[in-house]
file data-v5.cif (mmCIF, C-alpha atoms)
data_entry
#
loop_
_atom_site.label_atom_id
_atom_site.label_comp_id
_atom_site.auth_asym_id
_atom_site.auth_seq_id
_atom_site.Cartn_x
_atom_site.Cartn_y
_atom_site.Cartn_z
CA MET C 1 -151.53 -94.81 -138.44
CA ARG C 2 -147.89 -95.72 -138.87
CA THR C 3 -146.20 -95.26 -142.22
CA LEU C 4 -143.86 -97.29 -144.37
CA TRP C 5 -141.43 -94.88 -146.05
CA THR C 6 -139.47 -96.15 -149.04
CA PHE C 7 -136.71 -94.30 -150.86
CA GLY C 8 -134.64 -95.40 -153.80
CA ASP C 9 -134.42 -95.76 -157.55
CA SER C 10 -136.29 -97.85 -160.12
CA PHE C 11 -135.92 -100.98 -157.99
CA THR C 12 -138.24 -99.38 -155.43
CA ALA C 13 -140.25 -96.82 -157.43
CA ASP C 14 -143.93 -97.17 -158.26
CA ILE C 15 -144.56 -97.95 -161.90
CA LYS C 16 -146.79 -95.06 -162.90
CA ASP C 17 -145.56 -94.14 -166.36
CA LEU C 18 -145.27 -97.38 -168.25
CA SER C 19 -142.18 -97.85 -170.39
CA ASP C 20 -142.26 -99.85 -173.64
CA ASN C 21 -140.83 -102.78 -171.71
CA HIS C 22 -143.62 -102.54 -169.15
CA ARG C 23 -146.33 -102.40 -171.82
CA GLN C 24 -144.95 -105.41 -173.67
CA TYR C 25 -144.52 -107.28 -170.41
CA LEU C 26 -148.12 -106.58 -169.34
CA ASN C 27 -149.32 -107.78 -172.75
CA ILE C 28 -147.42 -111.02 -172.37
CA VAL C 29 -148.59 -111.74 -168.82
CA LYS C 30 -152.08 -110.45 -169.62
CA GLN C 31 -152.28 -107.99 -166.72
CA LEU C 32 -153.14 -104.31 -166.51
CA GLU C 33 -150.68 -103.01 -163.95
CA ILE C 34 -147.61 -103.77 -161.88
CA VAL C 35 -148.03 -103.05 -158.19
CA SER C 36 -144.64 -102.32 -156.67
CA TRP C 37 -143.37 -104.24 -153.65
CA PRO C 38 -143.52 -101.21 -151.27
CA ASN C 39 -147.31 -101.03 -151.73
CA LEU C 40 -147.69 -104.76 -151.25
CA LEU C 41 -145.47 -104.68 -148.19
CA ALA C 42 -147.38 -101.79 -146.63
CA GLU C 43 -150.56 -103.78 -147.04
CA LYS C 44 -149.03 -106.81 -145.35
CA LEU C 45 -147.79 -104.63 -142.49
CA ASN C 46 -151.05 -102.68 -142.30
CA LEU C 47 -149.18 -99.38 -142.71
CA ASN C 48 -149.69 -96.25 -144.78
CA ILE C 49 -147.30 -96.11 -147.68
CA LYS C 50 -145.12 -93.18 -148.76
CA ASN C 51 -143.04 -94.44 -151.62
CA LEU C 52 -140.72 -91.58 -152.56
CA ALA C 53 -138.44 -93.61 -154.81
CA ILE C 54 -137.90 -92.25 -158.31
CA ALA C 55 -136.57 -94.28 -161.22
CA GLY C 56 -133.09 -93.17 -162.21
CA SER C 57 -132.25 -91.47 -158.93
CA SER C 58 -128.64 -91.26 -157.88
CA ASN C 59 -127.75 -91.87 -154.25
CA TYR C 60 -127.32 -88.12 -153.77
CA GLN C 61 -130.91 -87.66 -154.85
CA ILE C 62 -132.10 -90.55 -152.68
CA PHE C 63 -130.36 -89.16 -149.62
CA GLN C 64 -131.66 -85.65 -150.28
CA ASP C 65 -135.18 -87.04 -150.68
CA PHE C 66 -134.82 -88.63 -147.25
CA CYS C 67 -133.47 -85.43 -145.66
CA ASP C 68 -136.29 -83.44 -147.21
CA VAL C 69 -139.02 -85.38 -145.40
CA SER C 70 -137.06 -86.36 -142.29
CA HIS C 71 -139.22 -84.08 -140.13
CA LEU C 72 -142.35 -86.04 -141.14
CA ILE C 73 -141.09 -89.45 -140.02
CA ASN C 74 -142.68 -90.52 -136.78
CA GLU C 75 -142.05 -92.95 -133.97
CA LYS C 76 -142.56 -96.61 -134.98
CA ASP C 77 -142.61 -95.80 -138.70
CA ILE C 78 -140.59 -98.07 -140.95
CA VAL C 79 -138.07 -96.69 -143.42
CA ILE C 80 -136.50 -98.71 -146.25
CA ILE C 81 -133.78 -97.10 -148.34
CA GLY C 82 -132.66 -98.81 -151.53
CA TRP C 83 -129.39 -97.33 -152.78
CA GLY C 84 -128.46 -97.29 -156.45
CA LEU C 85 -125.09 -97.55 -158.15
CA ILE C 86 -122.48 -95.46 -156.37
CA SER C 87 -121.23 -94.25 -159.74
CA LYS C 88 -124.44 -92.35 -160.50
CA PHE C 89 -124.12 -88.63 -159.98
CA ARG C 90 -126.08 -85.43 -160.53
CA LYS C 91 -125.68 -82.26 -162.45
CA VAL C 92 -127.99 -79.36 -163.08
CA LYS C 93 -129.49 -79.16 -166.53
CA ASN C 94 -132.35 -76.88 -167.56
CA ASN C 95 -132.77 -75.72 -163.99
CA GLU C 96 -133.31 -79.18 -162.56
CA PHE C 97 -131.14 -81.98 -161.28
CA GLN C 98 -130.33 -84.59 -163.86
CA ASN C 99 -129.18 -87.96 -162.52
CA ILE C 100 -126.45 -89.39 -164.71
CA TYR C 101 -126.31 -93.13 -165.27
CA PRO C 102 -122.71 -94.31 -165.77
CA ASN C 103 -123.19 -96.24 -169.00
CA LEU C 104 -123.78 -93.21 -171.19
CA ASN C 105 -121.05 -93.65 -173.74
CA GLY C 106 -118.55 -90.85 -174.01
CA VAL C 107 -120.44 -88.52 -171.73
CA ASP C 108 -118.77 -87.30 -168.57
CA ASN C 109 -116.17 -90.09 -168.71
CA GLU C 110 -113.76 -88.37 -166.37
CA ILE C 111 -116.47 -87.88 -163.77
CA ILE C 112 -117.65 -91.47 -164.18
CA THR C 113 -114.11 -92.77 -163.62
CA ASP C 114 -114.01 -90.80 -160.40
CA ARG C 115 -117.49 -91.77 -159.32
CA ASN C 116 -116.87 -95.45 -160.03
CA GLN C 117 -114.17 -95.77 -157.35
CA ASP C 118 -114.96 -98.17 -154.50
CA LYS C 119 -114.03 -95.45 -152.03
CA TRP C 120 -117.40 -93.75 -152.55
CA VAL C 121 -119.06 -96.67 -150.74
CA GLU C 122 -117.83 -95.03 -147.54
CA GLU C 123 -119.95 -91.98 -148.26
CA ILE C 124 -123.09 -94.14 -148.34
CA TYR C 125 -122.11 -95.83 -145.08
CA SER C 126 -121.59 -92.43 -143.49
CA TRP C 127 -125.10 -91.36 -144.49
CA GLU C 128 -126.42 -94.64 -143.12
CA ASN C 129 -124.64 -93.91 -139.84
CA LEU C 130 -126.42 -90.58 -139.52
CA ILE C 131 -129.79 -92.04 -140.50
CA LYS C 132 -129.34 -94.83 -137.92
CA THR C 133 -128.49 -92.24 -135.26
CA PHE C 134 -131.61 -90.32 -136.25
CA SER C 135 -133.73 -93.49 -136.16
CA LYS C 136 -132.56 -94.28 -132.63
CA SER C 137 -133.50 -90.87 -131.32
CA LYS C 138 -136.78 -90.82 -133.22
CA TYR C 139 -137.64 -94.47 -132.52
CA PHE C 140 -138.32 -95.61 -136.06
CA ASN C 141 -136.88 -98.67 -137.77
CA VAL C 142 -134.66 -98.29 -140.80
CA TYR C 143 -133.40 -100.87 -143.30
CA PHE C 144 -130.91 -100.45 -146.13
CA TRP C 145 -130.51 -102.48 -149.26
CA SER C 146 -129.47 -102.07 -152.88
CA GLY C 147 -131.03 -103.33 -156.09
CA GLU C 148 -127.86 -103.26 -158.17
CA GLU C 149 -124.79 -101.99 -156.28
CA PHE C 150 -122.86 -105.08 -155.24
CA ARG C 151 -120.16 -103.09 -153.50
CA LEU C 152 -122.57 -102.15 -150.74
CA ASN C 153 -122.48 -104.78 -148.04
CA HIS C 154 -126.08 -105.26 -147.00
CA LYS C 155 -127.78 -108.45 -145.90
CA LEU C 156 -130.58 -107.59 -148.27
CA ASN C 157 -129.64 -106.97 -151.89
CA ASN C 158 -130.38 -107.93 -155.46
CA GLN C 159 -128.86 -111.36 -154.84
CA THR C 160 -131.20 -112.00 -151.92
CA LEU C 161 -134.15 -111.23 -154.15
CA LYS C 162 -132.90 -113.58 -156.86
CA GLN C 163 -132.33 -116.36 -154.33
CA ASN C 164 -135.92 -115.95 -153.23
CA ASN C 165 -137.26 -116.31 -156.76
CA CYS C 166 -138.14 -112.64 -157.20
CA LEU C 167 -138.22 -112.89 -160.96
CA SER C 168 -137.31 -110.03 -163.23
CA MET C 169 -139.42 -109.28 -166.31
CA TYR C 170 -136.54 -110.74 -168.33
CA VAL C 171 -136.54 -114.09 -166.52
CA GLU C 172 -140.31 -114.29 -166.17
CA THR C 173 -140.82 -113.83 -169.93
CA GLU C 174 -137.94 -116.17 -170.75
CA GLY C 175 -135.90 -113.39 -172.28
CA LYS C 176 -138.63 -111.75 -174.31
CA ILE C 177 -138.47 -108.49 -172.32
CA PRO C 178 -134.91 -107.15 -171.97
CA ASP C 179 -135.45 -105.62 -168.56
CA THR C 180 -133.95 -106.77 -165.26
CA HIS C 181 -136.48 -104.97 -163.10
CA LEU C 182 -139.02 -107.04 -161.23
CA GLY C 183 -142.21 -108.33 -162.84
CA ILE C 184 -145.55 -108.83 -161.09
CA ASN C 185 -144.55 -112.09 -159.43
CA GLY C 186 -141.19 -110.59 -158.59
CA HIS C 187 -142.77 -107.68 -156.76
CA ASN C 188 -145.06 -110.04 -154.83
CA LYS C 189 -142.15 -112.23 -153.78
CA ALA C 190 -140.03 -109.18 -152.95
CA ALA C 191 -142.72 -107.90 -150.57
CA ASP C 192 -142.53 -111.26 -148.76
CA VAL C 193 -138.74 -111.12 -148.65
CA PHE C 194 -138.84 -107.66 -147.08
CA LEU C 195 -141.57 -108.75 -144.67
CA ASN C 196 -139.52 -111.73 -143.50
CA TYR C 197 -136.46 -109.57 -143.20
CA ILE C 198 -138.27 -106.99 -141.08
CA ASN C 199 -139.84 -109.66 -138.87
CA ASN C 200 -136.52 -111.44 -138.34
CA GLU C 201 -134.62 -108.25 -137.60
CA MET S 1 -117.83 -80.86 -119.14
CA ASN S 2 -120.15 -79.94 -122.00
CA ARG S 3 -118.59 -79.70 -125.42
CA LEU S 4 -118.57 -77.11 -128.16
CA TRP S 5 -118.34 -78.92 -131.51
CA THR S 6 -117.24 -76.89 -134.51
CA PHE S 7 -117.26 -78.08 -138.10
CA GLY S 8 -116.03 -76.29 -141.18
CA CYS S 9 -113.20 -75.31 -143.48
CA SER S 10 -110.12 -73.16 -142.86
CA PHE S 11 -112.32 -70.43 -141.41
CA THR S 12 -113.01 -72.82 -138.53
CA ALA S 13 -109.87 -75.01 -138.44
CA GLU S 14 -106.83 -74.45 -136.27
CA TYR S 15 -103.86 -72.75 -137.88
CA ASN S 16 -101.73 -75.48 -139.43
CA PRO S 17 -98.12 -74.43 -139.87
CA ILE S 18 -95.79 -77.00 -141.48
CA GLU S 19 -93.40 -76.53 -138.56
CA GLY S 20 -90.25 -77.40 -140.48
CA VAL S 21 -91.42 -80.84 -141.60
CA TYR S 22 -90.60 -79.98 -145.21
CA HIS S 23 -87.68 -77.65 -144.47
CA PRO S 24 -86.95 -75.14 -145.98
CA PHE S 25 -90.56 -74.82 -147.20
CA GLU S 26 -92.97 -72.93 -145.00
CA ASN S 27 -96.58 -71.88 -145.36
CA GLN S 28 -98.26 -68.62 -144.44
CA TYR S 29 -99.09 -69.90 -140.98
CA ASP S 30 -95.38 -70.57 -140.32
CA ARG S 31 -94.70 -66.99 -141.32
CA TYR S 32 -97.54 -65.70 -139.18
CA LYS S 33 -96.22 -67.71 -136.25
CA LYS S 34 -92.82 -66.05 -136.67
CA PHE S 35 -94.52 -62.66 -136.87
CA LYS S 36 -96.30 -63.44 -133.61
CA GLY S 37 -93.00 -64.26 -131.91
CA GLY S 38 -93.32 -68.07 -132.13
CA LYS S 39 -96.80 -68.52 -130.67
CA LEU S 40 -99.97 -68.69 -132.74
CA PRO S 41 -103.07 -67.11 -131.23
CA LEU S 42 -106.20 -69.12 -130.45
CA VAL S 43 -108.86 -69.41 -133.15
CA TRP S 44 -112.47 -68.36 -132.49
CA SER S 45 -113.71 -71.84 -131.57
CA GLU S 46 -111.11 -72.22 -128.78
CA LEU S 47 -111.82 -68.70 -127.58
CA LEU S 48 -115.56 -69.33 -127.55
CA GLY S 49 -115.14 -72.64 -125.72
CA LYS S 50 -113.20 -70.85 -122.98
CA LYS S 51 -115.73 -68.06 -122.80
CA ILE S 52 -118.73 -70.35 -122.29
CA GLU S 53 -116.69 -72.88 -120.28
CA TYR S 54 -117.18 -75.67 -122.78
CA GLN S 55 -114.55 -78.10 -124.02
CA THR S 56 -113.88 -77.19 -127.67
CA MET S 57 -113.93 -80.08 -130.13
CA ASN S 58 -112.81 -78.41 -133.33
CA CYS S 59 -113.41 -80.78 -136.26
CA GLY S 60 -112.79 -78.11 -138.94
CA VAL S 61 -110.27 -78.92 -141.66
CA GLY S 62 -108.77 -76.40 -144.07
CA GLY S 63 -109.87 -76.84 -147.69
CA SER S 64 -113.01 -78.81 -146.82
CA SER S 65 -116.00 -78.87 -149.13
CA ASN S 66 -119.50 -78.91 -147.69
CA TYR S 67 -119.57 -82.67 -148.33
CA SER S 68 -116.58 -83.10 -146.02
CA ILE S 69 -117.97 -80.72 -143.43
CA PHE S 70 -121.09 -82.86 -143.36
CA ARG S 71 -118.84 -85.94 -142.94
CA GLN S 72 -116.98 -84.24 -140.07
CA TYR S 73 -120.30 -84.12 -138.25
CA ILE S 74 -121.44 -87.63 -139.21
CA ASN S 75 -118.16 -89.04 -137.86
CA VAL S 76 -119.04 -87.82 -134.38
CA CYS S 77 -122.86 -87.65 -134.44
CA ASP S 78 -123.08 -90.73 -132.18
CA ILE S 79 -121.10 -89.17 -129.35
CA ILE S 80 -122.79 -85.79 -129.19
CA LYS S 81 -124.57 -85.40 -125.87
CA LYS S 82 -127.36 -83.40 -124.30
CA ASP S 83 -126.41 -79.75 -123.72
CA ASP S 84 -123.53 -79.88 -126.23
CA ILE S 85 -123.43 -76.96 -128.67
CA LEU S 86 -122.59 -77.40 -132.36
CA ILE S 87 -121.52 -74.70 -134.82
CA PHE S 88 -121.31 -75.44 -138.53
CA GLY S 89 -119.31 -73.10 -140.75
CA TRP S 90 -120.43 -74.01 -144.25
CA THR S 91 -118.08 -73.20 -147.09
CA SER S 92 -118.01 -72.39 -150.82
CA MET S 93 -120.70 -74.15 -152.82
CA LEU S 94 -118.20 -74.61 -155.65
CA ARG S 95 -115.95 -77.03 -153.78
CA PHE S 96 -116.50 -80.76 -154.27
CA PRO S 97 -114.77 -84.01 -153.33
CA VAL S 98 -113.08 -86.34 -155.81
CA ILE S 99 -110.88 -89.40 -155.51
CA ASN S 100 -107.12 -89.10 -155.84
CA LEU S 101 -106.69 -92.19 -158.03
CA ASN S 102 -103.05 -92.75 -157.08
CA GLU S 103 -103.52 -92.63 -153.35
CA ASN S 104 -107.16 -93.79 -153.22
CA ILE S 105 -108.15 -91.01 -150.90
CA VAL S 106 -110.85 -88.38 -151.09
CA ILE S 107 -109.51 -84.92 -151.79
CA GLU S 108 -111.30 -81.63 -152.30
CA LEU S 109 -111.32 -79.72 -155.56
CA LEU S 110 -111.43 -75.99 -155.01
CA PRO S 111 -112.42 -73.45 -157.67
CA ASN S 112 -108.81 -72.24 -157.93
CA ALA S 113 -107.33 -75.77 -158.01
CA THR S 114 -104.01 -76.05 -159.77
CA ASN S 115 -102.98 -79.56 -158.74
CA TYR S 116 -105.57 -82.12 -159.79
CA SER S 117 -103.60 -84.38 -162.10
CA ASP S 118 -104.12 -87.44 -159.86
CA THR S 119 -107.88 -87.11 -160.09
CA GLY S 120 -108.28 -87.90 -163.77
CA TYR S 121 -110.12 -84.61 -164.27
CA SER S 122 -109.08 -82.37 -167.14
CA LYS S 123 -109.10 -78.62 -166.71
CA THR S 124 -112.16 -78.42 -168.98
CA THR S 125 -114.16 -80.96 -166.98
CA LEU S 126 -113.15 -79.32 -163.73
CA GLU S 127 -114.31 -75.96 -164.99
CA GLU S 128 -117.57 -77.43 -166.29
CA VAL S 129 -118.31 -79.02 -162.92
CA ILE S 130 -117.56 -75.78 -161.09
CA VAL S 131 -119.83 -73.79 -163.40
CA ASN S 132 -122.56 -76.40 -162.91
CA ARG S 133 -122.14 -76.20 -159.16
CA SER S 134 -122.68 -72.45 -159.25
CA HIS S 135 -126.35 -73.13 -160.03
CA PRO S 136 -128.58 -72.22 -157.05
CA LEU S 137 -130.22 -75.66 -157.11
CA TRP S 138 -127.14 -77.09 -155.38
CA VAL S 139 -127.93 -74.92 -152.37
CA ASN S 140 -130.97 -77.12 -151.67
CA GLU S 141 -128.75 -80.15 -151.17
CA VAL S 142 -126.90 -78.50 -148.28
CA LEU S 143 -130.07 -76.96 -146.86
CA ASP S 144 -131.66 -80.41 -146.79
CA TRP S 145 -128.64 -81.77 -144.90
CA ILE S 146 -129.03 -78.89 -142.46
CA LYS S 147 -132.68 -79.85 -142.01
CA LEU S 148 -131.67 -83.39 -140.99
CA ILE S 149 -128.82 -82.16 -138.78
CA ASN S 150 -131.17 -79.81 -136.96
CA MET S 151 -133.58 -82.68 -136.31
CA VAL S 152 -130.90 -85.06 -135.01
CA VAL S 153 -129.26 -82.43 -132.82
CA LYS S 154 -132.60 -81.37 -131.35
CA ASP S 155 -133.52 -84.97 -130.57
CA LYS S 156 -130.21 -85.33 -128.70
CA GLY S 157 -131.02 -82.33 -126.50
CA ALA S 158 -128.09 -80.41 -127.94
CA GLU S 159 -128.15 -77.07 -129.77
CA VAL S 160 -126.96 -76.18 -133.26
CA TYR S 161 -125.96 -72.98 -135.07
CA HIS S 162 -124.99 -72.46 -138.68
CA TRP S 163 -122.98 -69.75 -140.38
CA CYS S 164 -121.31 -69.72 -143.77
CA SER S 165 -118.46 -68.12 -145.62
CA ASP S 166 -120.40 -68.42 -148.90
CA ASP S 167 -123.39 -66.10 -148.78
CA THR S 168 -125.00 -67.85 -151.76
CA LEU S 169 -125.89 -70.66 -149.34
CA PHE S 170 -127.70 -68.30 -146.98
CA ASN S 171 -127.43 -64.76 -145.67
CA GLN S 172 -129.45 -62.34 -143.58
CA HIS S 173 -132.03 -62.01 -146.38
CA SER S 174 -132.77 -65.75 -146.67
CA LYS S 175 -136.42 -66.47 -145.86
CA PHE S 176 -135.77 -69.35 -143.48
CA ILE S 177 -133.36 -67.56 -141.16
CA ASP S 178 -134.11 -68.11 -137.47
CA GLU S 179 -132.09 -68.13 -134.26
CA ARG S 180 -130.05 -71.12 -135.45
CA TYR S 181 -128.38 -69.11 -138.21
CA ILE S 182 -125.59 -66.67 -137.44
CA VAL S 183 -125.79 -63.99 -140.10
CA ILE S 184 -125.16 -60.26 -140.31
CA ASP S 185 -127.43 -58.68 -137.71
CA ASP S 186 -126.94 -55.09 -138.84
CA PRO S 187 -129.95 -53.91 -140.86
CA GLU S 188 -127.85 -51.05 -142.21
CA SER S 189 -125.25 -53.38 -143.70
CA ILE S 190 -125.12 -53.60 -147.44
CA LYS S 191 -122.84 -56.61 -147.18
CA THR S 192 -124.17 -60.17 -147.28
CA SER S 193 -120.91 -62.00 -146.60
CA LEU S 194 -120.46 -62.57 -142.88
CA MET S 195 -116.68 -62.92 -143.22
CA GLY S 196 -116.49 -59.65 -145.13
CA TYR S 197 -118.67 -57.98 -142.51
CA LEU S 198 -116.49 -59.21 -139.63
CA ASN S 199 -113.47 -57.66 -141.34
CA LEU S 200 -114.96 -54.17 -141.26
CA PRO S 201 -112.84 -51.45 -139.59
CA LYS S 202 -115.79 -50.49 -137.38
CA PHE S 203 -114.97 -53.49 -135.20
CA PHE S 204 -111.34 -52.43 -134.79
CA GLY S 205 -111.45 -48.76 -133.95
CA GLY S 206 -111.54 -47.75 -137.60
CA LEU S 207 -108.53 -49.85 -138.55
CA LEU S 208 -108.29 -52.77 -140.98
CA LYS S 209 -106.71 -55.48 -138.85
CA ALA S 210 -108.97 -58.57 -138.87
CA ARG S 211 -107.10 -60.69 -141.38
CA ILE S 212 -103.51 -61.92 -141.20
CA VAL S 213 -102.55 -59.84 -144.23
CA GLU S 214 -103.79 -56.69 -142.53
CA GLU S 215 -102.51 -57.49 -139.06
CA THR S 216 -99.02 -58.11 -140.45
CA ASN S 217 -99.14 -55.00 -142.68
CA GLY S 218 -98.82 -57.18 -145.75
CA GLU S 219 -95.84 -59.11 -144.46
CA VAL S 220 -97.84 -62.37 -144.57
CA ILE S 221 -100.21 -62.59 -147.52
CA ASP S 222 -103.10 -64.59 -146.09
CA ASP S 223 -106.79 -63.74 -146.00
CA HIS S 224 -107.69 -65.84 -142.98
CA MET S 225 -108.45 -64.24 -139.68
CA GLY S 226 -105.55 -63.26 -137.48
CA GLU S 227 -105.59 -62.77 -133.73
CA TYR S 228 -107.92 -59.77 -133.72
CA GLY S 229 -110.20 -61.19 -136.38
CA HIS S 230 -110.69 -64.38 -134.38
CA ILE S 231 -111.43 -62.43 -131.20
CA ASN S 232 -114.01 -60.37 -133.09
CA GLN S 233 -115.58 -63.48 -134.67
CA MET S 234 -115.76 -65.17 -131.27
CA GLU S 235 -117.40 -62.10 -129.70
CA TYR S 236 -119.92 -61.89 -132.56
CA PHE S 237 -120.82 -65.59 -132.26
CA TYR S 238 -120.92 -65.38 -128.46
CA LYS S 239 -123.33 -62.46 -128.60
CA HIS S 240 -125.64 -64.41 -130.92
CA ILE S 241 -125.52 -67.65 -128.96
CA LYS S 242 -125.86 -65.99 -125.56
CA LYS S 243 -128.95 -64.19 -126.83
CA HIS S 244 -130.65 -67.29 -128.24
CA SER S 245 -129.28 -70.31 -126.38
CA LYS S 246 -131.71 -72.16 -124.15
CA ILE S 247 -128.84 -74.24 -122.81
CA LEU S 248 -126.61 -71.34 -121.80
CA ASN S 249 -129.53 -69.43 -120.35
CA LYS S 250 -130.89 -72.26 -118.17
#

call {"tool": "encode", "arguments": {"input": "data-v5.cif", "output": "structure tokens"}}
result
Amino acid sequence: MRTLWTFGDSFTADIKDLSDNHRQYLNIVKQLEIVSWPNLLAEKLNLNIKNLAIAGSSNYQIFQDFCDVSHLINEKDIVIIGWGLISKFRKVKNNEFQNIYPNLNGVDNEIITDRNQDKWVEEIYSWENLIKTFSKSKYFNVYFWSGEEFRLNHKLNNQTLKQNNCLSMYVETEGKIPDTHLGINGHNKAADVFLNYINNE
Amino acid sequence: MNRLWTFGCSFTAEYNPIEGVYHPFENQYDRYKKFKGGKLPLVWSELLGKKIEYQTMNCGVGGSSNYSIFRQYINVCDIIKKDDILIFGWTSMLRFPVINLNENIVIELLPNATNYSDTGYSKTTLEEVIVNRSHPLWVNEVLDWIKLINMVVKDKGAEVYHWCSDDTLFNQHSKFIDERYIVIDDPESIKTSLMGYLNLPKFFGGLLKARIVEETNGEVIDDHMGEYGHINQMEYFYKHIKKHSKILNK
């Protein structure tokens, strides 16, 4: 059976460990769980799902995650990679990679200034170029998008989701939950948006 | 004609003398050129290309970090063809790219960097990053790139080899070493650095003459390979590739 592979950050990741925001949101909407759009999309496409996205991942982590399983991707599989902010970076702490989010006040400011330069967009495009070359030789389909990095020029992005009424928990609860990640309806709609995108491409 | 693609840092790149552009300043390669009577010798990639009758496409650039070496390959990955041969010379794990904020270009920060004022990095931050990058976990990042490269190259019907000037990335004792990795093949060797091994006097009739500094008897202080060092490196690589290459042994 073919597989849908998804890579990315919190905009793609499965919601396994519920945050406070998630718990409050589920209380408000009176549901028990949030099924992420990759799972819903795989069901619509009748594919196995391998969602390797991890909340908080930097693009370096996302790309490494892809490289790490590249030998397992087969012909006719579908790969969707959702990049995060280009300013996120990694460092090693306590013998593991820590992904640094750029709004941590006063921490690593010099690195964040560097990492926040538009020029780094080119690095992402270069990785995409290699992944596309790989996809052509391996005969799988690959799609790129980003949940929050507006400097990446993809047809599919956070704006596309908003335009298609993929509501965040914040919007869906009319501001009660301060979280811009998708809610249950948002994930359902997002799966449709990705499905349409894949079918049209 | 098939092509030999080489990627790497100064241990792969052509010699790059300033050639009077900033007269009267000159670099070590200008001095070496003078020592050699006005003509620089060929580097190992050119020599190897001639030996196997391949057109050498040397993409190596002095001072590159592994990030840039990876980019050198990505820039040409579309035009690599069946039966081409690729050799990656990976470099120091401590090097990393940053943006020069004044010129908006990517530059490389090396562990001994002295000129980084345009990057916005303080000496303290620079040192902290370098210490962080000395952690072995960073090796996995490059090894995962290599995994993808190997897949793409194989799918193209080309062949790839890897060597490195930083033996913390891999060496002859690394568990995953196979025919695609050019490492020290001497079980007696106590060295793990391939570059250090290729400098050994045993390759030069008991003399130390691989590097420019040795070849010029200290006249030009430069640790890169000189004429004899490049010939030795080429012969070492040729021996490895000839032994393992399916393409060359068709």

call {"tool": "residues_around", "arguments": {"input": "data-v5.cif", "residues": "Ile130 of chain S", "least_positions_apart": "4", "cutoff": "7 Å", "atoms": "all atoms listed in the file", "output": "number ranges by chain"}}
result
S: 94, 111, 126, 134

call {"tool": "write_last_selection", "arguments": {"input": "data-v5.cif", "atoms": "C-alpha atoms", "output": "short mmCIF file (atom, residue, chain, number, x, y, z; two decimals), in the coordinates of the input"}}
result
data_model
loop_
_atom_site.label_atom_id
_atom_site.label_comp_id
_atom_site.auth_asym_id
_atom_site.auth_seq_id
_atom_site.Cartn_x
_atom_site.Cartn_y
_atom_site.Cartn_z
CA LEU S 94 -118.20 -74.61 -155.65
CA PRO S 111 -112.42 -73.45 -157.67
CA LEU S 126 -113.15 -79.32 -163.73
CA SER S 134 -122.68 -72.45 -159.25
#

call {"tool": "interface_residues", "arguments": {"input": "data-v5.cif", "of": "chain S", "to": "chain C", "cutoff": "8 Å", "atoms": "all atoms listed in the file", "output": "number ranges by chain"}}
result
S: 71, 74-75, 77-78, 98-99, 101, 104-106, 119-122, 125, 132-133, 135, 137, 141, 144-145, 147-148, 151-152, 155-156

call {"tool": "resolve_selection", "arguments": {"input": "data-v5.cif", "expression": "the PyMOL selection byres ((chain S and resi 236-248) around 10)", "output": "PDB file with C-alpha atoms, in the coordinates of the input"}}
result
ATOM      1  CA  TRP S  44    -112.470 -68.360-132.490  1.00  0.00           C
ATOM      2  CA  SER S  45    -113.710 -71.840-131.570  1.00  0.00           C
ATOM      3  CA  LEU S  47    -111.820 -68.700-127.580  1.00  0.00           C
ATOM      4  CA  LEU S  48    -115.560 -69.330-127.550  1.00  0.00           C
ATOM      5  CA  GLY S  49    -115.140 -72.640-125.720  1.00  0.00           C
ATOM      6  CA  LYS S  51    -115.730 -68.060-122.800  1.00  0.00           C
ATOM      7  CA  ILE S  52    -118.730 -70.350-122.290  1.00  0.00           C
ATOM      8  CA  LYS S  82    -127.360 -83.400-124.300  1.00  0.00           C
ATOM      9  CA  ASP S  83    -126.410 -79.750-123.720  1.00  0.00           C
ATOM     10  CA  ASP S  84    -123.530 -79.880-126.230  1.00  0.00           C
ATOM     11  CA  ILE S  85    -123.430 -76.960-128.670  1.00  0.00           C
ATOM     12  CA  ILE S  87    -121.520 -74.700-134.820  1.00  0.00           C
ATOM     13  CA  GLY S 157    -131.020 -82.330-126.500  1.00  0.00           C
ATOM     14  CA  ALA S 158    -128.090 -80.410-127.940  1.00  0.00           C
ATOM     15  CA  GLU S 159    -128.150 -77.070-129.770  1.00  0.00           C
ATOM     16  CA  VAL S 160    -126.960 -76.180-133.260  1.00  0.00           C
ATOM     17  CA  TYR S 161    -125.960 -72.980-135.070  1.00  0.00           C
ATOM     18  CA  TRP S 163    -122.980 -69.750-140.380  1.00  0.00           C
ATOM     19  CA  ASP S 178    -134.110 -68.110-137.470  1.00  0.00           C
ATOM     20  CA  GLU S 179    -132.090 -68.130-134.260  1.00  0.00           C
ATOM     21  CA  ARG S 180    -130.050 -71.120-135.450  1.00  0.00           C
ATOM     22  CA  TYR S 181    -128.380 -69.110-138.210  1.00  0.00           C
ATOM     23  CA  ILE S 182    -125.590 -66.670-137.440  1.00  0.00           C
ATOM     24  CA  VAL S 183    -125.790 -63.990-140.100  1.00  0.00           C
ATOM     25  CA  ILE S 184    -125.160 -60.260-140.310  1.00  0.00           C
ATOM     26  CA  ASP S 185    -127.430 -58.680-137.710  1.00  0.00           C
ATOM     27  CA  LEU S 198    -116.490 -59.210-139.630  1.00  0.00           C
ATOM     28  CA  HIS S 230    -110.690 -64.380-134.380  1.00  0.00           C
ATOM     29  CA  ILE S 231    -111.430 -62.430-131.200  1.00  0.00           C
ATOM     30  CA  ASN S 232    -114.010 -60.370-133.090  1.00  0.00           C
ATOM     31  CA  GLN S 233    -115.580 -63.480-134.670  1.00  0.00           C
ATOM     32  CA  MET S 234    -115.760 -65.170-131.270  1.00  0.00           C
ATOM     33  CA  GLU S 235    -117.400 -62.100-129.700  1.00  0.00           C
ATOM     34  CA  ASN S 249    -129.530 -69.430-120.350  1.00  0.00           C
ATOM     35  CA  LYS S 250    -130.890 -72.260-118.170  1.00  0.00           C
TER      36      LYS S 250
END
